[in-house]
There are 2 protein chains.
Amino acid sequence: MGITKTTYFTDEQNELAILTKAMGHPARIAIIQHLIKVNSCICGDIVNELPLAQPTVSQHLKELKNAGLIKGNFEGNAICYCLDENGFNKIKHFFQHINSYLENQKNQCC
Amino acid sequence: MGITKTTYFTDEQNELAILTKAMGHPARIAIIQHLIKVNSCICGDIVNELPLAQPTVSQHLKELKNAGLIKGNFEGNAICYCLDENGFNKIKHFFQHINSYLENQKNQCC
DNA sequence: TATTTATATTGCAATATTACGATAATAAAA
DNA sequence: TTTTATTATCGTAATATTGCAATATAAATA
């Protein structure tokens with residue numbers, strides 16, 4: 001069927017899935033890494049940085065933006081992108097939860 | 001074309017993408033949350049916990065296991081699952097990097 | 001206004017993912 | 001050894017994702 005049963009899960013579960021799914025492609029990881037490196041840059045710089053065509057990069061940027069992981073401002077006729085802390089803060093708490101669990105627990109199966 | 005150009009990206013980018021992609025489904029987030037809650041449990045418990053059929057759950061468990069986010073031990077004829085710190089430690093550093101960047105930086109576009 | 005520059009959208013082909021019924025495999029118990 | 005319980009695999013249908021050429025849109029500039 002191929003359709004995710006989102007209604008059967010909590011809002012939190014769906015939101016975390018959307019955020020992590022948005023990160024789940026090497027091109028989108030590369031975009032995040034590049035934005036950290038240069039702080040902010042226009043879309044064209046990312047196109048030059050990645051081994052993908054402009055429409056493909058535009059599509060990846062859209063997915064990151066929809067998830068709330070990046071944001072873009074108009075800079076003349078170009079669009080300047082940078083990280084959006086909103087999205088990352090939402091994931092942050094989940095990972096903190098996981099990490100504190102793994103540290104305090106001898107994590108072993110049955 | 002639908003095929004990700006993994007060879008064009010670094011090993012680190014591909015690895016982070018595999019890990020985050022594996023988390024990118026509400027059922028797999030729910031599995032991780034449940035394992036944190038009960039520490040470890042057999043596959044059948046997860047099937048009862050989720051609104052999905054047994055083969056579907058089995059498939060999600062396989063993906064989490066392949067990514068290195070959970071591990072399973074034989075417990076009689078059942079299999080006991082728990083979190084695998086290996087996978088989570090790999091993501092941990094990436095998020096620490098992102099978070100320290102976002103904290104130290106007035107994150108604004110151009 | 002026409003042109004250039006920068007980005008988004010459309011349309012499509014190839015591939016991947018999601019979900020589940022049916023069935024196989026495995027190990028304990030009767 | 002047969003049965004039962006537990007999990008994995010196979011096969012398949014429906015949907016989603018990836019990638020790009022072609023094209024559209026929007027803003028600056030000539």
# chains A, B, ... in the order shown; residues from 1 in each chain; ligands from 1
$ calpha_fit_and_write --fixed "chain B" --moving "chain A" --output "CSV table (one decimal) with N, CA and C atoms, in the first residue's frame"
chain,number,residue,atom,x,y,z
A,1,MET,N,14.3,9.1,-11.7
A,1,MET,CA,15.1,8.0,-11.6
A,1,MET,C,15.0,7.3,-10.2
A,2,GLY,N,14.9,8.1,-9.2
A,2,GLY,CA,14.5,7.5,-7.9
A,2,GLY,C,15.7,6.8,-7.2
A,3,ILE,N,16.9,6.9,-7.7
A,3,ILE,CA,18.0,6.2,-7.1
A,3,ILE,C,19.0,7.3,-6.5
A,4,THR,N,19.2,7.2,-5.2
A,4,THR,CA,20.1,8.1,-4.6
A,4,THR,C,21.5,8.0,-5.0
A,5,LYS,N,22.2,9.1,-5.3
A,5,LYS,CA,23.6,9.0,-5.8
A,5,LYS,C,24.6,9.0,-4.7
A,6,THR,N,24.6,7.9,-4.0
A,6,THR,CA,25.4,7.7,-2.7
A,6,THR,C,26.8,7.9,-3.0
A,7,THR,N,27.3,7.4,-4.2
A,7,THR,CA,28.7,7.5,-4.4
A,7,THR,C,29.3,8.9,-4.5
A,8,TYR,N,28.4,9.9,-4.7
A,8,TYR,CA,28.9,11.2,-4.9
A,8,TYR,C,29.0,11.9,-3.5
A,9,PHE,N,28.7,11.2,-2.4
A,9,PHE,CA,28.7,11.8,-1.1
A,9,PHE,C,29.8,11.1,-0.3
A,10,THR,N,30.2,11.7,0.8
A,10,THR,CA,31.2,11.1,1.7
A,10,THR,C,30.5,10.0,2.5
A,11,ASP,N,31.4,9.1,3.1
A,11,ASP,CA,30.9,8.0,3.9
A,11,ASP,C,30.2,8.6,5.1
A,12,GLU,N,30.6,9.7,5.7
A,12,GLU,CA,30.0,10.2,6.8
A,12,GLU,C,28.6,10.7,6.5
A,13,GLN,N,28.5,11.4,5.3
A,13,GLN,CA,27.1,11.9,4.9
A,13,GLN,C,26.2,10.7,4.6
A,14,ASN,N,26.7,9.7,4.0
A,14,ASN,CA,25.8,8.5,3.7
A,14,ASN,C,25.4,7.8,5.0
A,15,GLU,N,26.4,7.7,6.0
A,15,GLU,CA,26.1,7.0,7.2
A,15,GLU,C,25.0,7.8,8.0
A,16,LEU,N,25.2,9.1,8.1
A,16,LEU,CA,24.3,9.9,8.9
A,16,LEU,C,22.9,9.8,8.2
A,17,ALA,N,22.9,9.8,6.9
A,17,ALA,CA,21.6,9.7,6.2
A,17,ALA,C,20.9,8.4,6.4
A,18,ILE,N,21.7,7.3,6.5
A,18,ILE,CA,21.1,6.0,6.8
A,18,ILE,C,20.5,6.0,8.2
A,19,LEU,N,21.2,6.5,9.1
A,19,LEU,CA,20.7,6.5,10.5
A,19,LEU,C,19.4,7.4,10.7
A,20,THR,N,19.5,8.6,10.1
A,20,THR,CA,18.3,9.5,10.3
A,20,THR,C,17.1,9.0,9.5
A,21,LYS,N,17.4,8.4,8.3
A,21,LYS,CA,16.3,7.8,7.5
A,21,LYS,C,15.6,6.7,8.2
A,22,ALA,N,16.4,5.9,8.9
A,22,ALA,CA,15.9,4.8,9.7
A,22,ALA,C,14.9,5.2,10.8
A,23,MET,N,15.2,6.4,11.3
A,23,MET,CA,14.3,7.0,12.3
A,23,MET,C,13.1,7.7,11.7
A,24,GLY,N,13.1,7.9,10.4
A,24,GLY,CA,12.1,8.8,9.8
A,24,GLY,C,10.8,8.1,9.4
A,25,HIS,N,10.2,7.4,10.4
A,25,HIS,CA,8.9,6.8,10.2
A,25,HIS,C,8.3,6.8,11.6
A,26,PRO,N,7.0,7.2,11.8
A,26,PRO,CA,6.4,7.2,13.1
A,26,PRO,C,6.4,5.9,13.8
A,27,ALA,N,6.3,4.8,13.1
A,27,ALA,CA,6.3,3.5,13.7
A,27,ALA,C,7.6,3.2,14.3
A,28,ARG,N,8.7,3.6,13.6
A,28,ARG,CA,10.0,3.4,14.1
A,28,ARG,C,10.4,4.3,15.3
A,29,ILE,N,9.9,5.5,15.3
A,29,ILE,CA,10.0,6.4,16.4
A,29,ILE,C,9.3,5.8,17.6
A,30,ALA,N,8.1,5.2,17.4
A,30,ALA,CA,7.3,4.6,18.4
A,30,ALA,C,8.0,3.4,19.0
A,31,ILE,N,8.7,2.6,18.2
A,31,ILE,CA,9.5,1.5,18.7
A,31,ILE,C,10.6,1.9,19.6
A,32,ILE,N,11.3,3.0,19.1
A,32,ILE,CA,12.4,3.5,19.9
A,32,ILE,C,11.9,4.0,21.3
A,33,GLN,N,10.8,4.7,21.3
A,33,GLN,CA,10.2,5.2,22.5
A,33,GLN,C,9.8,4.1,23.4
A,34,HIS,N,9.2,3.1,22.8
A,34,HIS,CA,8.8,1.9,23.6
A,34,HIS,C,9.9,1.2,24.3
A,35,LEU,N,11.0,1.0,23.5
A,35,LEU,CA,12.2,0.3,24.1
A,35,LEU,C,12.8,1.1,25.2
A,36,ILE,N,12.8,2.5,25.1
A,36,ILE,CA,13.3,3.3,26.2
A,36,ILE,C,12.4,3.1,27.4
A,37,LYS,N,11.1,3.0,27.2
A,37,LYS,CA,10.2,2.9,28.3
A,37,LYS,C,10.3,1.6,29.1
A,38,VAL,N,10.4,0.5,28.3
A,38,VAL,CA,10.4,-0.8,29.0
A,38,VAL,C,11.8,-1.5,29.0
A,39,ASN,N,12.8,-0.7,28.5
A,39,ASN,CA,14.2,-1.1,28.5
A,39,ASN,C,14.5,-2.2,27.5
A,40,SER,N,13.8,-3.3,27.5
A,40,SER,CA,13.9,-4.3,26.5
A,40,SER,C,12.6,-5.2,26.5
A,41,CYS,N,12.3,-5.7,25.3
A,41,CYS,CA,11.1,-6.5,25.2
A,41,CYS,C,11.2,-7.4,24.0
A,42,ILE,N,10.3,-8.4,23.9
A,42,ILE,CA,10.3,-9.2,22.7
A,42,ILE,C,9.5,-8.6,21.6
A,43,CYS,N,9.8,-9.1,20.5
A,43,CYS,CA,9.1,-8.5,19.2
A,43,CYS,C,7.6,-8.5,19.4
A,44,GLY,N,7.0,-9.6,19.9
A,44,GLY,CA,5.6,-9.7,20.1
A,44,GLY,C,4.9,-8.6,20.9
A,45,ASP,N,5.7,-8.1,21.9
A,45,ASP,CA,5.2,-7.0,22.7
A,45,ASP,C,5.1,-5.7,21.8
A,46,ILE,N,6.0,-5.5,20.9
A,46,ILE,CA,6.0,-4.4,20.0
A,46,ILE,C,4.8,-4.5,19.0
A,47,VAL,N,4.6,-5.7,18.6
A,47,VAL,CA,3.4,-5.9,17.7
A,47,VAL,C,2.1,-5.6,18.4
A,48,ASN,N,2.0,-5.9,19.7
A,48,ASN,CA,0.8,-5.6,20.4
A,48,ASN,C,0.7,-4.1,20.7
A,49,GLU,N,1.8,-3.4,20.7
A,49,GLU,CA,1.9,-2.0,21.1
A,49,GLU,C,1.5,-1.1,19.8
A,50,LEU,N,1.9,-1.6,18.6
A,50,LEU,CA,1.7,-0.8,17.4
A,50,LEU,C,0.4,-1.2,16.7
A,51,PRO,N,-0.2,-0.3,15.9
A,51,PRO,CA,-1.4,-0.5,15.1
A,51,PRO,C,-1.0,-1.1,13.8
A,52,LEU,N,-0.1,-2.0,13.7
A,52,LEU,CA,0.4,-2.6,12.5
A,52,LEU,C,0.5,-4.1,12.6
A,53,ALA,N,0.4,-4.7,11.4
A,53,ALA,CA,0.4,-6.2,11.4
A,53,ALA,C,1.9,-6.7,11.7
A,54,GLN,N,1.9,-7.9,12.1
A,54,GLN,CA,3.2,-8.5,12.5
A,54,GLN,C,4.3,-8.4,11.4
A,55,PRO,N,4.0,-8.8,10.2
A,55,PRO,CA,5.0,-8.6,9.1
A,55,PRO,C,5.5,-7.2,9.0
A,56,THR,N,4.6,-6.2,9.1
A,56,THR,CA,5.0,-4.8,9.0
A,56,THR,C,6.0,-4.4,10.1
A,57,VAL,N,5.6,-4.9,11.3
A,57,VAL,CA,6.5,-4.5,12.5
A,57,VAL,C,7.9,-5.2,12.3
A,58,SER,N,7.8,-6.4,11.8
A,58,SER,CA,9.1,-7.2,11.6
A,58,SER,C,10.0,-6.4,10.6
A,59,GLN,N,9.4,-5.9,9.6
A,59,GLN,CA,10.1,-5.1,8.6
A,59,GLN,C,10.7,-3.8,9.2
A,60,HIS,N,10.0,-3.1,10.0
A,60,HIS,CA,10.5,-1.9,10.7
A,60,HIS,C,11.6,-2.3,11.6
A,61,LEU,N,11.5,-3.4,12.3
A,61,LEU,CA,12.5,-3.8,13.2
A,61,LEU,C,13.8,-4.1,12.5
A,62,LYS,N,13.7,-4.7,11.3
A,62,LYS,CA,14.8,-5.1,10.5
A,62,LYS,C,15.5,-3.8,10.0
A,63,GLU,N,14.8,-2.8,9.7
A,63,GLU,CA,15.4,-1.5,9.2
A,63,GLU,C,16.2,-0.8,10.3
A,64,LEU,N,15.6,-0.8,11.5
A,64,LEU,CA,16.2,-0.2,12.7
A,64,LEU,C,17.5,-1.0,13.0
A,65,LYS,N,17.4,-2.3,12.9
A,65,LYS,CA,18.6,-3.2,13.2
A,65,LYS,C,19.7,-3.0,12.2
A,66,ASN,N,19.3,-3.0,10.9
A,66,ASN,CA,20.3,-2.7,9.8
A,66,ASN,C,21.0,-1.4,10.0
A,67,ALA,N,20.3,-0.4,10.4
A,67,ALA,CA,21.0,0.9,10.6
A,67,ALA,C,21.8,0.9,11.9
A,68,GLY,N,21.7,-0.1,12.8
A,68,GLY,CA,22.5,-0.1,14.0
A,68,GLY,C,21.8,0.7,15.1
A,69,LEU,N,20.5,0.8,15.1
A,69,LEU,CA,19.8,1.6,16.1
A,69,LEU,C,19.2,0.7,17.2
A,70,ILE,N,19.0,-0.6,16.8
A,70,ILE,CA,18.5,-1.6,17.8
A,70,ILE,C,19.3,-2.9,17.6
A,71,LYS,N,19.3,-3.7,18.6
A,71,LYS,CA,19.9,-5.0,18.5
A,71,LYS,C,18.9,-6.1,19.1
A,72,GLY,N,19.1,-7.3,18.7
A,72,GLY,CA,18.2,-8.3,19.2
A,72,GLY,C,18.9,-9.6,19.7
A,73,ASN,N,18.5,-10.1,20.8
A,73,ASN,CA,19.1,-11.4,21.3
A,73,ASN,C,18.0,-12.5,21.4
A,74,PHE,N,18.4,-13.7,21.1
A,74,PHE,CA,17.5,-14.8,21.2
A,74,PHE,C,17.2,-15.0,22.7
A,75,GLU,N,15.9,-15.2,23.0
A,75,GLU,CA,15.4,-15.4,24.3
A,75,GLU,C,14.4,-16.6,24.2
A,76,GLY,N,15.0,-17.8,24.3
A,76,GLY,CA,14.1,-18.9,24.0
A,76,GLY,C,13.8,-18.9,22.5
A,77,ASN,N,12.5,-19.1,22.2
A,77,ASN,CA,12.1,-19.0,20.8
A,77,ASN,C,11.7,-17.6,20.3
A,78,ALA,N,11.8,-16.7,21.3
A,78,ALA,CA,11.5,-15.3,21.0
A,78,ALA,C,12.8,-14.5,20.8
A,79,ILE,N,12.6,-13.3,20.3
A,79,ILE,CA,13.8,-12.4,20.2
A,79,ILE,C,13.6,-11.1,21.0
A,80,CYS,N,14.6,-10.8,21.8
A,80,CYS,CA,14.4,-9.7,22.7
A,80,CYS,C,15.2,-8.5,22.1
A,81,TYR,N,14.5,-7.4,21.9
A,81,TYR,CA,15.1,-6.2,21.3
A,81,TYR,C,15.4,-5.1,22.4
A,82,CYS,N,16.4,-4.4,22.1
A,82,CYS,CA,16.8,-3.2,22.9
A,82,CYS,C,17.5,-2.2,22.0
A,83,LEU,N,17.7,-1.0,22.5
A,83,LEU,CA,18.5,0.0,21.8
A,83,LEU,C,19.9,-0.4,21.6
A,84,ASP,N,20.5,0.0,20.5
A,84,ASP,CA,21.9,-0.2,20.2
A,84,ASP,C,22.6,1.1,20.3
A,85,GLU,N,23.5,1.3,21.3
A,85,GLU,CA,24.1,2.6,21.5
A,85,GLU,C,25.1,2.9,20.3
A,86,ASN,N,25.6,1.9,19.6
A,86,ASN,CA,26.4,2.2,18.5
A,86,ASN,C,25.9,3.2,17.5
A,87,GLY,N,24.7,2.9,17.0
A,87,GLY,CA,24.0,3.8,16.1
A,87,GLY,C,23.8,5.2,16.6
A,88,PHE,N,23.3,5.2,17.9
A,88,PHE,CA,22.9,6.5,18.4
A,88,PHE,C,24.2,7.4,18.7
A,89,ASN,N,25.3,6.7,19.1
A,89,ASN,CA,26.5,7.5,19.3
A,89,ASN,C,27.0,8.2,18.0
A,90,LYS,N,26.8,7.5,16.9
A,90,LYS,CA,27.2,8.1,15.6
A,90,LYS,C,26.4,9.4,15.3
A,91,ILE,N,25.1,9.4,15.6
A,91,ILE,CA,24.3,10.6,15.4
A,91,ILE,C,24.6,11.7,16.4
A,92,LYS,N,24.9,11.2,17.6
A,92,LYS,CA,25.1,12.1,18.8
A,92,LYS,C,26.1,13.2,18.4
A,93,HIS,N,27.2,12.9,17.9
A,93,HIS,CA,28.2,13.9,17.6
A,93,HIS,C,27.8,14.9,16.6
A,94,PHE,N,27.0,14.4,15.6
A,94,PHE,CA,26.5,15.3,14.6
A,94,PHE,C,25.6,16.4,15.2
A,95,PHE,N,24.7,15.9,16.1
A,95,PHE,CA,23.7,16.8,16.7
A,95,PHE,C,24.4,17.7,17.7
A,96,GLN,N,25.4,17.2,18.4
A,96,GLN,CA,26.2,18.1,19.3
A,96,GLN,C,26.9,19.2,18.5
A,97,HIS,N,27.4,18.9,17.3
A,97,HIS,CA,28.0,19.8,16.4
A,97,HIS,C,27.0,20.9,16.0
A,98,ILE,N,25.8,20.5,15.6
A,98,ILE,CA,24.7,21.4,15.2
A,98,ILE,C,24.3,22.3,16.3
A,99,ASN,N,24.1,21.7,17.5
A,99,ASN,CA,23.6,22.4,18.6
A,99,ASN,C,24.6,23.5,19.1
A,100,SER,N,25.9,23.1,19.2
A,100,SER,CA,26.9,24.1,19.6
A,100,SER,C,27.0,25.2,18.6
A,101,TYR,N,26.8,24.9,17.4
A,101,TYR,CA,26.8,25.9,16.3
A,101,TYR,C,25.7,26.9,16.5
A,102,LEU,N,24.5,26.3,16.7
A,102,LEU,CA,23.3,27.1,16.8
A,102,LEU,C,23.3,28.0,18.1
A,103,GLU,N,24.0,27.5,19.2
A,103,GLU,CA,24.0,28.2,20.4
A,103,GLU,C,25.0,29.4,20.3
A,104,ASN,N,26.1,29.2,19.7
A,104,ASN,CA,27.2,30.2,19.6
A,104,ASN,C,26.9,31.3,18.6
A,105,GLN,N,26.0,31.0,17.7
A,105,GLN,CA,25.8,31.8,16.5
A,105,GLN,C,24.5,32.5,16.6
A,106,LYS,N,24.5,33.8,16.3
A,106,LYS,CA,23.2,34.4,16.0
A,106,LYS,C,22.9,33.9,14.6
A,107,ASN,N,22.0,32.9,14.5
A,107,ASN,CA,21.7,32.3,13.3
A,107,ASN,C,20.8,33.0,12.4
A,108,GLN,N,21.3,33.8,11.5
A,108,GLN,CA,20.5,34.6,10.6
A,108,GLN,C,21.0,34.4,9.2
A,109,CYS,N,20.1,34.5,8.2
A,109,CYS,CA,20.4,34.5,6.8
A,109,CYS,C,21.0,35.8,6.4
A,110,CYS,N,21.8,35.8,5.4
A,110,CYS,CA,22.5,37.0,4.8
A,110,CYS,C,22.0,38.3,5.3
$ interface_residues --of "chain D" --to "chain A" --cutoff "9 Å" --atoms "only C-alpha atoms (C1' of nucleotides)" --output "number ranges by chain"
D: 13-16, 18-20, 26-28
$ closest_residue --among "C:DA13, C:DA30, C:DA8, C:DA2" --to "chain A" --atoms "only C-alpha atoms (C1' of nucleotides)"
C:DA8
$ interface_residues --of "chain C" --to "chain B" --cutoff "9 Å" --atoms "only C-alpha atoms (C1' of nucleotides)" --output "list in words"
DA13, DA14, DT15, DA16, DT18, DA19, DC20, DT26, DA27 and DA28 of chain C
$ atom_distance --atom1 "C1' of DA22 (chain C)" --atom2 "C1' of DT7 (chain D)"
14.7 Å
$ atom_distance --atom1 "C1' of DG11 (chain C)" --atom2 "C1' of DT25 (chain D)"
17.1 Å
$ select_by_dssp --residues "chain A" --states "helix (DSSP H, G or I)" --output "MDAnalysis selection string"
chainID A and resid 6:8 11:23 26:38 43:49 54:67 85:104
$ atom_distance --atom1 "C1' of DT17 (chain C)" --atom2 "C1' of DA8 (chain D)"
18.5 Å
$ residues_around --residues "DA30 (chain D)" --least-positions-apart "4" --cutoff "12 Å" --atoms "only C-alpha atoms (C1' of nucleotides)" --output "VMD selection string"
chain C and resid 1 to 4
